[in-house]
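Peer 1: Structure supplied as target_35.tsv; contents: TSV, C-alpha atoms.
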chain	number	residue	atom	x	y	z
H	293	MET	CA	-0.19	14.79	-58.17
H	294	SER	CA	-1.06	13.88	-54.59
H	295	ARG	CA	-3.37	11.00	-53.74
H	296	ASP	CA	-6.32	13.20	-52.71
H	297	TRP	CA	-6.04	15.26	-55.90
H	298	ALA	CA	-5.87	12.12	-58.03
H	299	PHE	CA	-8.89	10.59	-56.29
H	300	CYS	CA	-10.98	13.76	-56.60
H	301	ARG	CA	-10.11	14.01	-60.29
H	302	PHE	CA	-10.96	10.33	-60.79
H	303	MET	CA	-14.35	10.74	-59.08
H	304	THR	CA	-15.17	13.78	-61.18
H	305	LEU	CA	-14.34	11.96	-64.41
H	306	GLU	CA	-15.76	8.54	-63.51
H	307	ALA	CA	-18.74	9.27	-61.25
H	308	GLY	CA	-19.53	12.80	-62.38
H	309	VAL	CA	-19.39	14.09	-58.79
H	310	ALA	CA	-16.81	16.70	-57.91
H	311	ALA	CA	-14.95	16.72	-54.61
H	312	ILE	CA	-12.34	19.10	-53.25
H	313	PRO	CA	-8.87	17.74	-52.46
H	314	PRO	CA	-8.40	18.87	-48.86
H	315	SER	CA	-4.62	19.12	-49.11
H	316	ALA	CA	-5.25	22.40	-50.94
H	317	PHE	CA	-6.02	23.87	-47.51
H	318	TYR	CA	-2.94	22.51	-45.73
H	319	LYS	CA	0.52	23.99	-45.36
H	320	GLU	CA	3.24	22.19	-47.29
H	321	GLY	CA	4.52	20.23	-44.31
H	322	HIS	CA	1.04	18.90	-43.42
H	323	LYS	CA	-0.44	18.01	-46.83
H	324	LYS	CA	0.18	14.30	-46.23
H	325	LEU	CA	-2.46	14.37	-43.48
H	326	ALA	CA	-5.14	14.87	-46.14
H	327	GLU	CA	-4.04	12.21	-48.63
H	328	ASN	CA	-6.86	9.77	-47.77
H	329	HIS	CA	-9.69	12.29	-47.67
H	330	ALA	CA	-12.04	14.14	-50.01
H	331	ARG	CA	-14.09	17.21	-49.18
H	332	PHE	CA	-17.61	17.84	-50.46
H	333	ALA	CA	-19.48	21.13	-50.54
H	334	PHE	CA	-23.07	20.85	-49.35
H	335	CYS	CA	-23.99	24.45	-50.10
H	336	LYS	CA	-26.07	23.19	-52.99
H	337	ALA	CA	-29.77	22.84	-53.68
H	338	ASP	CA	-31.34	19.60	-52.46
H	339	GLU	CA	-31.76	18.53	-56.08
H	340	SER	CA	-27.98	18.72	-56.63
H	341	ILE	CA	-27.30	16.58	-53.56
H	342	LEU	CA	-29.86	13.99	-54.68
H	343	GLU	CA	-28.32	13.94	-58.17
H	344	ALA	CA	-24.90	13.29	-56.63
H	345	LYS	CA	-26.40	10.39	-54.67
H	346	THR	CA	-27.86	8.96	-57.89
H	347	ARG	CA	-24.52	9.29	-59.68
H	348	PHE	CA	-22.64	7.60	-56.83
H	349	GLY	CA	-25.16	4.76	-56.91
H	350	ARG	CA	-24.76	4.33	-60.68
H	351	TRP	CA	-20.96	4.42	-60.33
H	352	LYS	CA	-21.08	1.79	-57.60
H	353	LYS	CA	-23.28	-0.54	-59.68
H	354	GLU	CA	-20.98	-0.19	-62.69
H	355	GLY	CA	-18.01	-1.12	-60.51
H	356	GLU	CA	-19.84	-4.14	-59.12
H	357	ARG	CA	-20.68	-5.33	-62.64
H	358	GLU	CA	-17.06	-4.93	-63.72
H	359	ARG	CA	-15.89	-6.99	-60.75
H	360	GLU	CA	-18.43	-9.72	-61.60
H	361	ASP	CA	-17.31	-9.73	-65.25
H	362	ASP	CA	-13.69	-10.30	-64.28
H	363	GLY	CA	-14.46	-13.04	-61.79
H	364	GLY	CA	-14.56	-10.78	-58.74
H	365	ASP	CA	-10.83	-10.86	-58.21
H	366	GLY	CA	-10.08	-7.50	-59.85
H	367	LYS	CA	-8.18	-9.14	-62.69
H	368	ALA	CA	-9.43	-9.08	-66.28
Show me this structure written as structure tokens.
Peer 2:
Amino acid sequence: MSRDWAFCRFMTLEAGVAAIPPSAFYKEGHKKLAENHARFAFCKADESILEAKTRFGRWKKEGEREREDDGGDGKA
């Protein structure tokens, strides 16, 4: 699984916000160009966009708490 696919899957499972792995739109020889990117669709109602913002905020706070709990060095 490529990095962009793995990240998009992770975000969907952990933050509850789906993104599109952009390498899906690249030819085989150019997929590596998209490995550090995620694509979002904004053809949604405003309420959906605001809900995504709320979910990202909650996900960020949870990550900050986890880093504080393990001393901030990323090690448990």
Peer 1: Given all atoms listed in the file as the basis, pick out the residue of H:Asp361, H:Arg301, H:Lys353, H:Pro313 nearest to H:His329.
Peer 2: H:Pro313
Peer 1: Need to verify the contact set: H:Met303, 12 Å, all atoms listed in the file, exclusion of same-chain residues closer than 6 positions in sequence. Can you return it as number ranges by chain?
Peer 2: H: 296-297, 309-313, 330-332, 344, 347-348, 351-352
Peer 1: To one decimal place in Å, what is the distance between atom CA of H:Lys319 and atom CA of H:Glu306?
Peer 2: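 About the pair atom CA of H:Lys319 and atom CA of H:Glu306: they are 28.9 Å apart.
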Peer 1: Identify which of the residues H:Ala316, H:Ala307, H:Leu325, H:Ala333 lies closest to H:Thr346, counting all atoms listed in the file when measuring atom-to-atom distances.
Peer 2: H:Ala307
Peer 1: State, in Å with one decimal place, the distance from atom CA of H:Ser294 to atom CA of H:Phe317.
Peer 2: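 So the answer is 13.2 Å.
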Peer 1: Please compute the atom CA of H:Lys324-atom CA of H:Met293 distance, one decimal, in Å.
Peer 2: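 Answer for the atom CA of H:Lys324 to atom CA of H:Met293 separation: 12.0 Å.
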Peer 1: Let me make sure I understand: among H:Gly308, H:Asp362, H:Lys345, H:Ser315, which one has the smallest atom-to-atom distance to H:Glu327 if we use all atoms listed in the file?
Peer 2: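 Among the listed residues, the smallest separation from H:Glu327 belongs to H:Ser315.
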Peer 1: Is it possible to get the axis-aligned box enclosing stretch 302-310 of chain H (all listed atoms, 5 Å extra per side) as JSON, with centre and edge lengths in Å rounded to one decimal?
Peer 2:
{"center_x": -15.2, "center_y": 12.6, "center_z": -61.2, "size_x": 18.6, "size_y": 18.2, "size_z": 16.5}
